[in-house]
Structures are given as structure tokens and as C-alpha cells.
Amino acid sequence: MFKRLSTDYFNWILIIGVILLIFEVAFFYGGTIIPALFYALIMYAGWRYFHKLWGKILFWIALVGVVFSILNLMAVRFLIIAATILFIIHYSKSKKEVEYDQPILPSGEIREETLLEITPLFDQNLFDDQVTENTAYQWKDVNIHGIFGDRIIDLSNTVLPDDTAVISIRHFIGNIEIYVPYEVELSIHHSSIFGRAHILGKHEGKLMNRALFYQTANYDKAYPRVKIITSLLSGDIEVKRI
């Protein structure tokens with residue numbers, strides 16, 4: 001963004017920022033500059049004795065004070081607002097200047113693709129449980145996200161394709177349960193902030209901002225197979241044979 005900013009605009013922003021800084025020093029007795037310098041001295045003292053507990057506490061408290069003091073300067077606020085406005089203007093222009101490449105087909109041929117609209121296995125449901133049908137159902141790849149509730153997928157009631165079936169679940173708070181037939185190969189990539197995992201006999205009691213990646217021995221060379229990608233903020237995942 002700043003590479004495309006003209007020198008005149010950039011100079012005017014700097015000039016106005018300097019004027020505001022001088023105005024604040026002259027008419028408001030330094031504004032928050034003096035407190036910032038005071039906090040900087042305390043932060044330096046804390047850094048000198050950072051190996052001690054009181055030095056660490058002093059350093060971090062003073063650092064917070066310096067940051068807030070600097071943010072309270074009128075010149076800094078102006079620069080933040082100016083940067084925000086320039087970003088919005090640049091983004092608006094970039095959307096208008098998007099170039100589309102039109103493929104050139106031989107003999108002016110125009111090809112129209114036939115698209116079939118397929119009803120997903122799950123609708124997007126943010127605040128409720130979602131469970132596959134207890135009776136036989138036609139398989140469709142799963143790509144869902146949610147906020148609260150459990151997600152339960154039973155693959156024993158469907159016929160998986162001869163290639164790779166995909167289950168992608170991005171969830172906020174809740175549990176995920178996936179039941180897989182014994183003859184199906186698996187690849188599981190799961191990430192979680194808080195929770196537990198029980199995956200084909202592997203148990204992880206505490207997942208604190210961790211990612212797990214497992215796959216069965218014949219996943220790369222046998223079919224049918226299922227690729228599972230899940231992410232949770234807080235919740236448990238269970239993948240087991242049925």
C-alpha cells in the first residue's frame with residue numbers, strides 16, 4: 001500500500017503529525033510525552049534488574065504505561081487514522097482495478113459447463129447438534145462450521161466412494177464424534193485449543209493449543225479412504241471403528 005503512496009501525500013501526513021506533536025508540547029505541557037518518558041526510565045530500571053522478580057514486574061508494567069502514553073498522543077492518533085483511511089482507499093481502488101483474464105478459445109468457441117446443484121449432507125448450523133441419519137443415506141463430502149453443539153457422523157450407514165471422501169469440520173465449542181467401518185482407511189488432522197482426543201485407540205488427555213496428525217498404514221495405497229480435518233476451540237474429538 002505504502003509503495004503506491006505518492007511522496008506528496010506521505011510528506012503532508014508527516015508534516016501534520018509533526019505539527020500536532022509540537023502543538024501538544026506547546027499548549028498541553030507535553031501531553032503524555034512526560035509520562036511516557038517517566039515510564040521509559042522505570043522500564044530501563046526494570047530491564048537492568050530483569051533477572052529479579054521485581055525487575056520483571058517493573059519492566060512489564062512500565063512497558064504497558066509507555067504504550068498507552070504513546071497511543072494517547074494526538075500525533076500518533078492522527079497517524080493511525082490516516083493509515084486506516086489510506087488502507088480503505090487503497091482496498092477500494094484495488095477492487096475496482098481487478099483484471100479478469102478471458103481465455104481465448106479456438107474458432108470463437110464458447111463452452112458452457114453443465115452444473116448440478118447437490119444438497120449438502122449437513123446444512124450450516126451454528127447453535128445445535130448435527131447427526132447423520134440412522135438409516136442408509138447417500139454420501140456427500142462434509143464441509144461445515146459451527147459455534148455450539150456436537151457433530152456426530154456415522155459412516156456405517158453410507159457407501160463411500162472409490163476415491164477419497166473428505167470430512168472438514170471447523171467448530172467453536174462442542175464435541176466431534178466420527179464412527180468409521182473397519183475396512184476404511186483414515187487420515188486424521190485435528191487441531192484444538194482446549195480438549196481431549198480419542199482416535200482409534202490413541203488417547204490425548206490434554207490438548208492445549210496442539211495439532212494431531214494420524215493416518216492408517218495403508219491410507220496411501222488402499223480404498224475406500226476418508227480424510228478428516230477438524231479444528232476446535234474447546235471440545236473433545238472421538239474417532240473409532242464400528
# chains A, B, ... in the order shown; residues from 1 in each chain; ligands from 1
$ select_by_dssp --residues "range 30-205 of chain A" --states "alpha helix (DSSP H)" --output "compact mmCIF listing (two decimals) with C-alpha atoms, in the first residue's frame"
# COMPACT_ATOMS: atom_id res chain seq x y z
CA ILE A 33 5.15 12.75 26.48
CA ILE A 34 6.34 13.41 30.03
CA PRO A 35 4.54 10.34 31.46
CA ALA A 36 5.96 8.29 28.57
CA LEU A 37 9.49 9.42 29.44
CA PHE A 38 8.85 8.63 33.10
CA TYR A 39 7.62 5.13 32.24
CA ALA A 40 10.62 4.69 29.93
CA LEU A 41 13.00 5.40 32.83
CA ILE A 42 11.16 2.88 35.01
CA MET A 43 11.26 0.36 32.17
CA TYR A 44 15.01 0.85 31.83
CA ALA A 45 15.47 0.26 35.56
CA GLY A 46 13.37 -2.89 35.31
CA TRP A 47 15.47 -4.06 32.36
CA ARG A 48 18.65 -3.55 34.35
CA LEU A 53 11.22 -10.84 40.05
CA TRP A 54 10.59 -7.22 40.98
CA GLY A 55 12.59 -6.14 37.90
CA LYS A 56 10.38 -8.22 35.59
CA ILE A 57 7.21 -6.80 37.17
CA LEU A 58 8.54 -3.24 36.94
CA PHE A 59 9.58 -3.70 33.29
CA TRP A 60 6.25 -5.04 32.05
CA ILE A 61 4.15 -2.52 33.98
CA ALA A 62 6.28 0.33 32.63
CA LEU A 63 6.09 -1.09 29.10
CA VAL A 64 2.29 -1.02 29.24
CA GLY A 65 2.45 2.55 30.53
CA VAL A 66 4.75 3.61 27.67
CA VAL A 67 2.48 2.04 25.05
CA PHE A 68 -0.67 3.71 26.38
CA SER A 69 1.11 7.05 26.77
CA ILE A 70 2.30 6.95 23.16
CA LEU A 71 -1.15 5.94 21.89
CA MET A 74 -2.64 13.36 19.18
CA ALA A 75 0.05 12.89 16.53
CA VAL A 76 0.00 9.11 16.95
CA ARG A 77 -3.79 9.02 16.82
CA PHE A 78 -3.72 11.09 13.63
CA LEU A 79 -1.19 8.71 12.03
CA ILE A 80 -3.34 5.68 12.95
CA ILE A 81 -6.46 7.31 11.49
CA ALA A 82 -4.56 8.39 8.36
CA ALA A 83 -3.15 4.89 7.86
CA THR A 84 -6.66 3.40 8.27
CA ILE A 85 -8.17 5.80 5.72
CA LEU A 86 -5.35 5.12 3.24
CA PHE A 87 -5.85 1.39 3.64
CA ILE A 88 -9.59 1.73 2.94
CA ILE A 89 -8.94 3.90 -0.12
CA HIS A 90 -6.27 1.51 -1.41
CA TYR A 91 -8.54 -1.50 -0.88
CA SER A 92 -11.42 0.23 -2.66
CA LYS A 93 -9.22 1.08 -5.65
CA SER A 94 -7.75 -2.41 -5.81
CA LYS A 95 -11.25 -3.90 -6.01
CA LYS A 96 -12.11 -1.60 -8.92
$ residues_around --residues "Ile237 in chain A" --least-positions-apart "5" --cutoff "10 Å" --atoms "only C-alpha atoms" --output "PyMOL selection string"
chain A and resi 150-152+174-178+190-192+195-199+204+230-232
$ write_last_selection --atoms "C-alpha atoms" --output "short mmCIF file (atom, residue, chain, number, x, y, z; two decimals), in the first residue's frame"
data_model
loop_
_atom_site.label_atom_id
_atom_site.label_comp_id
_atom_site.auth_asym_id
_atom_site.auth_seq_id
_atom_site.Cartn_x
_atom_site.Cartn_y
_atom_site.Cartn_z
CA ASP A 150 -21.97 -31.66 18.93
CA ARG A 151 -21.20 -33.09 15.50
CA ILE A 152 -21.77 -36.85 15.05
CA GLY A 174 -18.61 -28.84 21.32
CA ASN A 175 -17.62 -32.43 20.69
CA ILE A 176 -16.99 -34.27 17.43
CA GLU A 177 -17.71 -38.00 17.07
CA ILE A 178 -16.93 -39.92 13.88
CA HIS A 190 -7.06 -32.37 14.25
CA SER A 191 -6.20 -29.09 15.98
CA SER A 192 -7.57 -27.86 19.30
CA GLY A 195 -9.88 -30.51 24.79
CA ARG A 196 -9.13 -34.19 24.53
CA ALA A 197 -8.73 -36.65 21.67
CA HIS A 198 -9.56 -40.33 21.35
CA ILE A 199 -8.51 -41.51 17.90
CA GLU A 204 -4.60 -37.48 24.39
CA THR A 230 -11.15 -30.87 12.21
CA SER A 231 -10.47 -27.84 14.39
CA LEU A 232 -11.95 -26.95 17.78
#
$ residues_around --residues "Ile229 in chain A" --least-positions-apart "4" --cutoff "12 Å" --atoms "only C-alpha atoms" --output "list in words"
Asp141, Val142, Asn143, Ile144, His145, Ala165, Val166, Ile167, Ser168, Ile169, Arg170, His171, Ile176, Ile178, Leu186, Ser187, Ile188, His189, His190, Ser191, Ser192, Ala211, Leu212, Phe213, Tyr214, Gln215, Ile237 and Val239 of chain A
$ select_by_dssp --residues "range 25-220 of chain A" --states "strand (DSSP E)" --output "MDAnalysis selection string"
chainID A and resid 130:131 142:148 151:154 164:173 176:180 185:199 202:215
